[in-house]
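A.B. asks: Before anything else, here's the structure in question.
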Amino acid sequence: MKTTNTYLTSILLLIFFGSLFVSCKNKSGFSPKTGVAYNDPYNGGLQINRKVKEGPGPGLVVIEGGTFVMGGSLNEDITYAHDNLRRRVTVASFYMDETEVSNADWLEYLHWLNQNFPDDKELYYNALPDTLVWRHPLSYNEPYVDLYLRHPAYQDYPVVGVTWEQANDYCVWRTDRVNEHILRQRGALVDYRTLAESQARPAEPFNTDIYLNGQYRGEGIDGERMPKDNTPGTEDGARRPVRMEDGVLKQPYRLPTEAEWEYAALGLVGNTEYGNIESSKIYPWDGLGVRSAKRRTQGLMLANFKPTSGDNMGVAGYLNDGGDITVSVTSYLPNDYGLYNMAGNVNEWVRDVYRQLSFEDFEDFNPFRGNVYMDKQYEDPEKGIIAKDKYGRPIRVPAKAPRKQTWEELQAATPDSVQVDFDYDVRGYADETNQELYGVTTLVNDKSRIYKGGSWNDRAYWLNPATRRFMQQDESNAMTGFRCAMTLVGSPEVNTKLKPTFPANRTKGQGNKKVLGIF
């Protein structure tokens, strides 16, 4: 009898642990809704990558989003513009460059263009910053015209003389270079050495969208460690390009929105405890002044700006901010998000189109004005082949509809057909401008872009993150540069160490799940 009980107990334990093992396996390697196994070449080959850890691209730091009062740090309005009245909004978590884009960063961009398109002088010329912005009829700034961009003494200084349009072109280029580098490091593309020594180089440079569409493949391109292809019918050991679903490639670099920039500059995360903002800020640092209050650095300037007329850097022997013009992008202390020079040094372009009363119109979640909805143009719609320009980039055309069209609508559409009631360009949404009055009674139109932060040649008022000014997107000056941002995907929560949490919202078997990758 005792033997029988022992035997039954053993059977029950085996059944229990077996079911637990199946449960664990089902919650990781199997679909929780159908029970079908993932990454199985014999049942359809659907590949799900669990081995994904989201992180910032090179040069970026994570900015945990949240709610804040946009315009709340502006304690005076000396221009009487009334263009940033207080309004509570929420900004999603995102990434932002730790520093402004430097001259060295821009020279890397120029070098790549010259290497890959040596015969296209127009492309290279259009990417050059306007170094003539240093010239002034009654100031001797001519040395900066020739030296500021290229001399190694200024290599870590912020690039200036770049338009909003050039800054956006840089973001597109940077996205492709970062993703190309990731793929070459992982072996999904041939490594740099093999590429350099190869006689058959690709006809066009890498582009993320073209690669994801399967149009960047072949000899001299495909790496030896591409992901396994589980598609039924493929040969053993077949490989495929990386897909967006694999979680390998980074999101596009872009300019930050005005709300993102103001939120990140304030860095209220350092003044927050248990969900409450304990104290407000006027600048990216605590306090009402622009000098350090700490004993070791007492009296030192906290940013590079112009305290008063005729005083750019103080008195010899004890220069106050240490900069006659710009300074290195890592000068001074970072704010509570770890961002350098969010006040002073150079103003920074943001993504938004300027309107004086935008605060009355925009949404309270991720507020932004400037959307122009574009679609990729297809060279062969039936085969899904994207049309490319001469630089190997997708050709983009205005979006034709505000939503996903039905299959019947899609088949009936012609290349020129557009829904009559749909406007793809909503830069002037709820606040249109009269183009005929531009330059006559107004300086604002749909090409007026916002810049923020104050510069080496600005007074302390403009160091306040809530202040806003604008220029045309094709204009530049010696006081304006930029930094890039990137959308954060997945959970917005970043700082969890001091916060109590509920038990993980998982089924019993998911705690020890097997992690599945695609490489």
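Identifiers in the structure tokens: chain A, B, ... in order shown; residue index from 1 per chain; ligand index from 1 in order shown.
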Please identify which residues in region 220-425 of chain A DSSP calls helix (DSSP H, G or I) from the backbone, and express them as JSON, numbers by chain.

C.D. replies: {"A": [244, 245, 246, 258, 259, 260, 261, 262, 263, 264, 265, 266, 268, 269, 270, 271, 358, 359, 360, 361, 407, 408, 409, 410, 411, 412]}

A.B. asks: Print the selection's residues with N, CA, C and O atoms to a file, as a short mmCIF file (atom, residue, chain, number, x, y, z; two decimals), in the first residue's frame.

C.D. replies:
data_model
loop_
_atom_site.label_atom_id
_atom_site.label_comp_id
_atom_site.auth_asym_id
_atom_site.auth_seq_id
_atom_site.Cartn_x
_atom_site.Cartn_y
_atom_site.Cartn_z
N MET A 244 11.88 44.88 -39.02
CA MET A 244 11.54 45.76 -37.90
C MET A 244 11.07 44.95 -36.71
O MET A 244 11.34 45.30 -35.55
N GLU A 245 10.38 43.82 -36.97
CA GLU A 245 9.87 42.98 -35.88
C GLU A 245 10.98 42.35 -35.04
O GLU A 245 10.73 41.87 -33.93
N ASP A 246 12.19 42.34 -35.56
CA ASP A 246 13.31 41.73 -34.82
C ASP A 246 13.80 42.63 -33.69
O ASP A 246 14.52 42.16 -32.81
N GLU A 258 8.87 71.11 -29.75
CA GLU A 258 9.05 72.19 -28.78
C GLU A 258 8.71 71.73 -27.37
O GLU A 258 9.41 72.05 -26.41
N ALA A 259 7.63 70.95 -27.23
CA ALA A 259 7.24 70.47 -25.91
C ALA A 259 8.30 69.54 -25.33
O ALA A 259 8.64 69.62 -24.14
N GLU A 260 8.84 68.65 -26.15
CA GLU A 260 9.90 67.75 -25.69
C GLU A 260 11.12 68.55 -25.25
O GLU A 260 11.71 68.27 -24.19
N TRP A 261 11.50 69.53 -26.05
CA TRP A 261 12.69 70.30 -25.74
C TRP A 261 12.51 71.06 -24.43
O TRP A 261 13.41 71.04 -23.57
N GLU A 262 11.39 71.72 -24.26
CA GLU A 262 11.16 72.50 -23.04
C GLU A 262 11.10 71.58 -21.82
O GLU A 262 11.66 71.90 -20.76
N TYR A 263 10.44 70.43 -21.97
CA TYR A 263 10.34 69.47 -20.88
C TYR A 263 11.72 68.95 -20.47
O TYR A 263 12.06 68.90 -19.28
N ALA A 264 12.53 68.58 -21.47
CA ALA A 264 13.86 68.04 -21.18
C ALA A 264 14.78 69.10 -20.60
O ALA A 264 15.60 68.81 -19.72
N ALA A 265 14.67 70.34 -21.08
CA ALA A 265 15.53 71.41 -20.59
C ALA A 265 15.27 71.71 -19.12
O ALA A 265 16.21 71.92 -18.34
N LEU A 266 14.02 71.70 -18.72
CA LEU A 266 13.69 71.99 -17.32
C LEU A 266 14.23 70.90 -16.39
O LEU A 266 14.71 71.20 -15.29
N LEU A 268 12.70 68.60 -14.56
CA LEU A 268 12.00 68.60 -13.27
C LEU A 268 12.07 67.25 -12.56
O LEU A 268 11.66 67.14 -11.41
N VAL A 269 12.64 66.23 -13.22
CA VAL A 269 12.79 64.94 -12.58
C VAL A 269 13.65 65.06 -11.33
O VAL A 269 13.49 64.29 -10.36
N GLY A 270 14.56 66.02 -11.31
CA GLY A 270 15.41 66.22 -10.15
C GLY A 270 14.72 66.93 -9.00
O GLY A 270 15.27 67.01 -7.89
N ASN A 271 13.54 67.46 -9.25
CA ASN A 271 12.78 68.17 -8.21
C ASN A 271 11.52 67.41 -7.82
O ASN A 271 10.62 67.96 -7.20
N SER A 358 -0.31 78.93 -30.52
CA SER A 358 -0.33 77.46 -30.59
C SER A 358 -0.85 76.84 -29.30
O SER A 358 -1.51 75.79 -29.32
N PHE A 359 -0.56 77.47 -28.18
CA PHE A 359 -0.97 76.90 -26.89
C PHE A 359 -2.48 76.77 -26.79
O PHE A 359 -3.00 75.99 -26.00
N GLU A 360 -3.23 77.54 -27.59
CA GLU A 360 -4.69 77.45 -27.57
C GLU A 360 -5.20 76.29 -28.41
O GLU A 360 -6.33 75.83 -28.23
N ASP A 361 -4.38 75.81 -29.34
CA ASP A 361 -4.86 74.86 -30.33
C ASP A 361 -4.36 73.43 -30.14
O ASP A 361 -5.08 72.48 -30.43
N TRP A 407 -9.62 47.91 -49.66
CA TRP A 407 -8.95 47.32 -50.83
C TRP A 407 -9.59 47.84 -52.13
O TRP A 407 -8.89 48.12 -53.11
N GLU A 408 -10.91 48.01 -52.12
CA GLU A 408 -11.59 48.52 -53.31
C GLU A 408 -11.15 49.94 -53.62
O GLU A 408 -10.92 50.30 -54.79
N GLU A 409 -11.04 50.80 -52.59
CA GLU A 409 -10.58 52.17 -52.79
C GLU A 409 -9.15 52.20 -53.32
O GLU A 409 -8.82 53.00 -54.20
N LEU A 410 -8.34 51.30 -52.79
CA LEU A 410 -6.94 51.26 -53.20
C LEU A 410 -6.81 50.85 -54.66
O LEU A 410 -6.01 51.40 -55.42
N GLN A 411 -7.62 49.88 -55.08
CA GLN A 411 -7.54 49.42 -56.46
C GLN A 411 -8.12 50.43 -57.44
O GLN A 411 -7.67 50.54 -58.58
N ALA A 412 -9.10 51.19 -56.97
CA ALA A 412 -9.74 52.19 -57.84
C ALA A 412 -8.95 53.48 -57.93
O ALA A 412 -9.18 54.29 -58.83
#

A.B. asks: Show which residues sit within 12 Å of Arg184 (chain A), as a list in words. Count only C-alpha atoms, and ignore same-chain residues fewer than 3 positions away.

C.D. replies: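 Selected residues are Arg177, Val178, Asn179, Glu180, His181, Gly187, Ala188, Leu189, Val190, Asp191, Tyr192, Arg193, Thr194, Leu195, Phe206, Gly220, Ile221, Asp222, Gly223, Glu224, Arg225, Met226, Pro241, Val242, Val248 and Leu249 of chain A.
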
A.B. asks: Give the answer as one residue: which of A:Tyr144, A:Tyr154, A:Tyr354, A:Trp285 has the shortest atom-to-atom distance to Thr433 (chain A), using only C-alpha atoms?

C.D. replies: A:Tyr354

A.B. asks: Counting only C-alpha atoms, which residue out of A:Pro334, A:Gly481, A:Gly384, A:Pro500 sits closest to Tyr157 (chain A)?

C.D. replies: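 Distance minimum relative to Tyr157 (chain A) lands on A:Gly481.
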
A.B. asks: Can you check which residues of region 348-491 of chain A DSSP gives as strand (DSSP E or B) on the backbone and send them as a PyMOL selection string?

C.D. replies: chain A and resi 348-353+365+372+374-376+378-380+385-386+388+394+396-398+425+438+442+448-452+469-472+480-481+485-487

A.B. asks: Tell me which protein, DNA and RNA residues are within 9 Å of Arg393 (chain A), counting only C-alpha atoms, leaving out same-chain ones fewer than 3 positions away, and put them as an NGL selection string.

C.D. replies: :A and (205-210 or 387-390)

A.B. asks: Just N, CA and C atoms for this one: save the residues we selected as a compact mmCIF listing (two decimals), in the first residue's frame.

C.D. replies:
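Saved to again.txt:
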# COMPACT_ATOMS: atom_id res chain seq x y z
N PRO A 205 24.25 53.67 -51.36
CA PRO A 205 24.50 53.51 -49.92
C PRO A 205 23.29 52.91 -49.20
N PHE A 206 23.54 52.46 -48.00
CA PHE A 206 22.47 51.85 -47.19
C PHE A 206 21.41 52.88 -46.84
N ASN A 207 20.15 52.47 -46.94
CA ASN A 207 19.02 53.26 -46.46
C ASN A 207 18.09 52.34 -45.68
N THR A 208 17.66 52.77 -44.51
CA THR A 208 16.88 51.91 -43.62
C THR A 208 15.58 51.45 -44.26
N ASP A 209 14.81 52.37 -44.84
CA ASP A 209 13.52 52.01 -45.43
C ASP A 209 13.69 51.07 -46.62
N ILE A 210 14.68 51.33 -47.45
CA ILE A 210 14.92 50.48 -48.60
C ILE A 210 15.36 49.09 -48.15
N ALA A 387 10.01 53.37 -54.97
CA ALA A 387 10.79 54.21 -55.89
C ALA A 387 11.88 54.93 -55.12
N LYS A 388 13.07 55.03 -55.75
CA LYS A 388 14.22 55.65 -55.09
C LYS A 388 14.68 56.87 -55.88
N ASP A 389 15.26 57.84 -55.14
CA ASP A 389 15.88 58.97 -55.81
C ASP A 389 17.32 58.59 -56.17
N LYS A 390 18.08 59.53 -56.71
CA LYS A 390 19.42 59.20 -57.17
C LYS A 390 20.40 58.91 -56.04

A.B. asks: For each of A:Trp462, A:Tyr283, A:Ala293, A:Glu273, take the minimum atom-to-atom distance to Gly72 (chain A), counting only C-alpha atoms, then give the residue where this is smallest.

C.D. replies: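 Among the listed residues, the smallest separation from Gly72 (chain A) belongs to A:Tyr283.
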
A.B. asks: Skipping near chain neighbours, those fewer than 4 positions away, what residues fall within 12 Å of Gln356 (chain A) using only C-alpha atoms, listed as a list in words?

C.D. replies: Tyr80, Ala81, His82, Asp83, Asn84, Leu85, Asp352, Glu360, Asp361, Phe362, Arg369, Gly428, Asp431, Glu432, Thr433, Thr442, Leu443, Val444, Asn445, Ser448, Arg449, Ile450, Thr467, Arg468, Arg469 and Phe470 of chain A

A.B. asks: So, counting only C-alpha atoms, which residue among A:His111, A:Lys383, A:Arg254, A:Arg351 is closest to Tyr95 (chain A)?

C.D. replies: A:Arg254

A.B. asks: So which one's closest to Thr330 (chain A), A:Ser279, A:Gln155, A:Thr231, A:Thr99? Using only C-alpha atoms, please.

C.D. replies: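 Smallest distance to Thr330 (chain A) is found for A:Thr99.
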
A.B. asks: Given only C-alpha atoms as the basis, pick out the residue of A:Arg295, A:Arg396, A:Lys497, A:Arg150 nearest to Asp105 (chain A).

C.D. replies: A:Arg150

A.B. asks: Quote the spacing between CA of Ile277 (chain A) and CA of Thr501 (chain A) in Å to one decimal place.

C.D. replies: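 So the two atoms, CA of Ile277 (chain A) and CA of Thr501 (chain A), lie 20.2 Å apart.
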
A.B. asks: Skipping near chain neighbours, those fewer than 2 positions away, what residues fall within 9 Å of Asp130 (chain A) using only C-alpha atoms, listed as a VMD selection string?

C.D. replies: chain A and resid 128 132 to 134 145 160 to 163 476 to 478

A.B. asks: The selected residues should be written to file as an mmCIF file, in the first residue's frame (atoms: all heavy atoms).

C.D. replies:
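The result, stored in result-v7.cif:
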data_model
loop_
_atom_site.group_PDB
_atom_site.id
_atom_site.type_symbol
_atom_site.label_atom_id
_atom_site.label_comp_id
_atom_site.auth_asym_id
_atom_site.auth_seq_id
_atom_site.Cartn_x
_atom_site.Cartn_y
_atom_site.Cartn_z
ATOM 1 N N LEU A 128 26.973 72.117 -46.683
ATOM 2 C CA LEU A 128 27.916 72.982 -45.966
ATOM 3 C C LEU A 128 27.188 74.010 -45.115
ATOM 4 O O LEU A 128 26.237 74.638 -45.585
ATOM 5 C CB LEU A 128 28.820 73.718 -46.962
ATOM 6 C CG LEU A 128 29.913 72.906 -47.663
ATOM 7 C CD1 LEU A 128 30.543 73.744 -48.766
ATOM 8 C CD2 LEU A 128 30.968 72.442 -46.662
ATOM 9 N N LEU A 132 29.545 82.209 -43.449
ATOM 10 C CA LEU A 132 29.482 83.670 -43.573
ATOM 11 C C LEU A 132 28.575 84.307 -42.531
ATOM 12 O O LEU A 132 28.513 85.538 -42.447
ATOM 13 C CB LEU A 132 29.006 84.050 -44.988
ATOM 14 C CG LEU A 132 29.867 83.540 -46.147
ATOM 15 C CD1 LEU A 132 29.315 84.047 -47.468
ATOM 16 C CD2 LEU A 132 31.321 83.981 -45.976
ATOM 17 N N VAL A 133 27.887 83.477 -41.743
ATOM 18 C CA VAL A 133 27.037 84.040 -40.687
ATOM 19 C C VAL A 133 27.862 84.787 -39.641
ATOM 20 O O VAL A 133 27.318 85.577 -38.857
ATOM 21 C CB VAL A 133 26.208 82.937 -39.995
ATOM 22 C CG1 VAL A 133 25.197 82.338 -40.953
ATOM 23 C CG2 VAL A 133 27.108 81.852 -39.406
ATOM 24 N N TRP A 134 29.184 84.531 -39.626
ATOM 25 C CA TRP A 134 30.042 85.217 -38.659
ATOM 26 C C TRP A 134 30.314 86.675 -39.052
ATOM 27 O O TRP A 134 30.727 87.480 -38.209
ATOM 28 C CB TRP A 134 31.372 84.483 -38.507
ATOM 29 C CG TRP A 134 31.246 83.175 -37.800
ATOM 30 C CD1 TRP A 134 31.275 81.930 -38.342
ATOM 31 C CD2 TRP A 134 31.048 82.977 -36.391
ATOM 32 N NE1 TRP A 134 31.117 80.971 -37.379
ATOM 33 C CE2 TRP A 134 30.976 81.589 -36.160
ATOM 34 C CE3 TRP A 134 30.920 83.856 -35.305
ATOM 35 C CZ2 TRP A 134 30.795 81.049 -34.889
ATOM 36 C CZ3 TRP A 134 30.741 83.317 -34.032
ATOM 37 C CH2 TRP A 134 30.673 81.933 -33.833
ATOM 38 N N VAL A 145 35.120 82.782 -40.045
ATOM 39 C CA VAL A 145 34.599 82.347 -41.337
ATOM 40 C C VAL A 145 35.417 81.176 -41.868
ATOM 41 O O VAL A 145 34.881 80.187 -42.382
ATOM 42 C CB VAL A 145 34.589 83.520 -42.343
ATOM 43 C CG1 VAL A 145 34.187 83.030 -43.732
ATOM 44 C CG2 VAL A 145 33.650 84.614 -41.870
ATOM 45 N N VAL A 160 27.295 75.744 -36.168
ATOM 46 C CA VAL A 160 26.358 76.852 -36.361
ATOM 47 C C VAL A 160 26.277 77.144 -37.856
ATOM 48 O O VAL A 160 27.011 76.578 -38.662
ATOM 49 C CB VAL A 160 26.774 78.111 -35.574
ATOM 50 C CG1 VAL A 160 26.781 77.845 -34.079
ATOM 51 C CG2 VAL A 160 28.140 78.614 -36.042
ATOM 52 N N GLY A 161 25.378 78.039 -38.221
ATOM 53 C CA GLY A 161 25.201 78.354 -39.625
ATOM 54 C C GLY A 161 24.423 77.290 -40.377
ATOM 55 O O GLY A 161 24.444 77.253 -41.611
ATOM 56 N N VAL A 162 23.729 76.403 -39.646
ATOM 57 C CA VAL A 162 22.930 75.363 -40.287
ATOM 58 C C VAL A 162 21.455 75.749 -40.223
ATOM 59 O O VAL A 162 20.964 76.236 -39.201
ATOM 60 C CB VAL A 162 23.141 73.978 -39.628
ATOM 61 C CG1 VAL A 162 24.550 73.489 -39.874
ATOM 62 C CG2 VAL A 162 22.856 74.009 -38.136
ATOM 63 N N THR A 163 20.767 75.538 -41.310
ATOM 64 C CA THR A 163 19.347 75.828 -41.361
ATOM 65 C C THR A 163 18.550 74.686 -40.732
ATOM 66 O O THR A 163 19.083 73.592 -40.495
ATOM 67 C CB THR A 163 18.880 76.007 -42.815
ATOM 68 O OG1 THR A 163 19.016 74.750 -43.508
ATOM 69 C CG2 THR A 163 19.716 77.075 -43.538
ATOM 70 N N SER A 476 19.773 80.826 -41.265
ATOM 71 C CA SER A 476 20.690 80.384 -40.219
ATOM 72 C C SER A 476 21.413 81.588 -39.655
ATOM 73 O O SER A 476 21.366 82.683 -40.217
ATOM 74 C CB SER A 476 21.704 79.377 -40.768
ATOM 75 O OG SER A 476 22.498 79.968 -41.780
ATOM 76 N N ASN A 477 22.099 81.401 -38.534
ATOM 77 C CA ASN A 477 22.927 82.456 -37.951
ATOM 78 C C ASN A 477 24.017 81.822 -37.107
ATOM 79 O O ASN A 477 24.094 80.591 -36.967
ATOM 80 C CB ASN A 477 22.090 83.462 -37.151
ATOM 81 C CG ASN A 477 21.319 82.824 -36.011
ATOM 82 O OD1 ASN A 477 21.815 81.923 -35.322
ATOM 83 N ND2 ASN A 477 20.084 83.268 -35.805
ATOM 84 N N ALA A 478 24.869 82.644 -36.524
ATOM 85 C CA ALA A 478 26.005 82.155 -35.742
ATOM 86 C C ALA A 478 25.620 81.822 -34.310
ATOM 87 O O ALA A 478 26.481 81.422 -33.520
ATOM 88 C CB ALA A 478 27.118 83.208 -35.742
#

A.B. asks: Excluding Asn304 (chain A) and its own-chain neighbours fewer than 5 positions away, which residues fall within 8 Å of it when counting only C-alpha atoms? Please give them as a PyMOL selection string.

C.D. replies: chain A and resi 321-323+326-327+343-345+455-456

A.B. asks: I need the chosen residues saved as a PDB file, in the first residue's frame, with all heavy atoms.

C.D. replies:
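File selection-v3.pdb, as written:
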ATOM      1  N   ASP A 321      32.259  83.268 -17.777  1.00  0.00           N
ATOM      2  CA  ASP A 321      31.706  82.048 -18.361  1.00  0.00           C
ATOM      3  C   ASP A 321      32.702  81.319 -19.258  1.00  0.00           C
ATOM      4  O   ASP A 321      32.409  80.246 -19.775  1.00  0.00           O
ATOM      5  CB  ASP A 321      30.404  82.328 -19.117  1.00  0.00           C
ATOM      6  CG  ASP A 321      30.582  83.233 -20.333  1.00  0.00           C
ATOM      7  OD1 ASP A 321      31.717  83.399 -20.801  1.00  0.00           O
ATOM      8  OD2 ASP A 321      29.569  83.771 -20.819  1.00  0.00           O
ATOM      9  N   GLY A 322      33.869  81.895 -19.448  1.00  0.00           N
ATOM     10  CA  GLY A 322      34.928  81.207 -20.168  1.00  0.00           C
ATOM     11  C   GLY A 322      34.747  81.119 -21.666  1.00  0.00           C
ATOM     12  O   GLY A 322      35.446  80.351 -22.320  1.00  0.00           O
ATOM     13  N   GLY A 323      33.795  81.877 -22.228  1.00  0.00           N
ATOM     14  CA  GLY A 323      33.578  81.798 -23.660  1.00  0.00           C
ATOM     15  C   GLY A 323      33.327  83.152 -24.279  1.00  0.00           C
ATOM     16  O   GLY A 323      32.415  83.863 -23.839  1.00  0.00           O
ATOM     17  N   THR A 326      31.062  80.646 -28.807  1.00  0.00           N
ATOM     18  CA  THR A 326      30.592  79.362 -28.275  1.00  0.00           C
ATOM     19  C   THR A 326      31.690  78.694 -27.455  1.00  0.00           C
ATOM     20  O   THR A 326      32.840  79.117 -27.479  1.00  0.00           O
ATOM     21  CB  THR A 326      30.173  78.431 -29.428  1.00  0.00           C
ATOM     22  OG1 THR A 326      31.298  78.259 -30.291  1.00  0.00           O
ATOM     23  CG2 THR A 326      29.013  79.012 -30.210  1.00  0.00           C
ATOM     24  N   VAL A 327      31.334  77.647 -26.757  1.00  0.00           N
ATOM     25  CA  VAL A 327      32.291  76.837 -26.004  1.00  0.00           C
ATOM     26  C   VAL A 327      32.026  75.372 -26.328  1.00  0.00           C
ATOM     27  O   VAL A 327      31.079  75.039 -27.047  1.00  0.00           O
ATOM     28  CB  VAL A 327      32.182  77.071 -24.479  1.00  0.00           C
ATOM     29  CG1 VAL A 327      32.593  78.488 -24.117  1.00  0.00           C
ATOM     30  CG2 VAL A 327      30.758  76.771 -23.988  1.00  0.00           C
ATOM     31  N   ALA A 343      20.741  75.542 -21.804  1.00  0.00           N
ATOM     32  CA  ALA A 343      20.603  77.004 -21.726  1.00  0.00           C
ATOM     33  C   ALA A 343      21.931  77.590 -22.155  1.00  0.00           C
ATOM     34  O   ALA A 343      22.991  77.199 -21.672  1.00  0.00           O
ATOM     35  CB  ALA A 343      20.241  77.451 -20.310  1.00  0.00           C
ATOM     36  N   GLY A 344      21.896  78.541 -23.065  1.00  0.00           N
ATOM     37  CA  GLY A 344      23.122  79.197 -23.503  1.00  0.00           C
ATOM     38  C   GLY A 344      23.906  78.404 -24.532  1.00  0.00           C
ATOM     39  O   GLY A 344      23.468  77.359 -25.023  1.00  0.00           O
ATOM     40  N   ASN A 345      25.072  78.914 -24.869  1.00  0.00           N
ATOM     41  CA  ASN A 345      25.973  78.388 -25.890  1.00  0.00           C
ATOM     42  C   ASN A 345      25.402  78.641 -27.281  1.00  0.00           C
ATOM     43  O   ASN A 345      25.857  79.541 -27.979  1.00  0.00           O
ATOM     44  CB  ASN A 345      26.301  76.920 -25.673  1.00  0.00           C
ATOM     45  CG  ASN A 345      27.703  76.583 -26.158  1.00  0.00           C
ATOM     46  OD1 ASN A 345      28.557  77.461 -26.259  1.00  0.00           O
ATOM     47  ND2 ASN A 345      27.940  75.326 -26.459  1.00  0.00           N
ATOM     48  N   SER A 455      21.667  81.862 -26.429  1.00  0.00           N
ATOM     49  CA  SER A 455      22.991  81.611 -27.006  1.00  0.00           C
ATOM     50  C   SER A 455      24.053  82.443 -26.312  1.00  0.00           C
ATOM     51  O   SER A 455      23.771  83.225 -25.391  1.00  0.00           O
ATOM     52  CB  SER A 455      22.975  81.944 -28.504  1.00  0.00           C
ATOM     53  OG  SER A 455      23.032  83.358 -28.700  1.00  0.00           O
ATOM     54  N   TRP A 456      25.285  82.285 -26.817  1.00  0.00           N
ATOM     55  CA  TRP A 456      26.425  83.044 -26.298  1.00  0.00           C
ATOM     56  C   TRP A 456      26.244  84.549 -26.476  1.00  0.00           C
ATOM     57  O   TRP A 456      26.882  85.333 -25.784  1.00  0.00           O
ATOM     58  CB  TRP A 456      27.703  82.594 -27.009  1.00  0.00           C
ATOM     59  CG  TRP A 456      27.671  82.789 -28.514  1.00  0.00           C
ATOM     60  CD1 TRP A 456      27.214  81.924 -29.447  1.00  0.00           C
ATOM     61  CD2 TRP A 456      28.114  83.946 -29.229  1.00  0.00           C
ATOM     62  NE1 TRP A 456      27.332  82.440 -30.712  1.00  0.00           N
ATOM     63  CE2 TRP A 456      27.905  83.683 -30.611  1.00  0.00           C
ATOM     64  CE3 TRP A 456      28.688  85.162 -28.857  1.00  0.00           C
ATOM     65  CZ2 TRP A 456      28.223  84.593 -31.614  1.00  0.00           C
ATOM     66  CZ3 TRP A 456      29.022  86.075 -29.862  1.00  0.00           C
ATOM     67  CH2 TRP A 456      28.780  85.790 -31.223  1.00  0.00           C
TER      68      TRP A 456
END
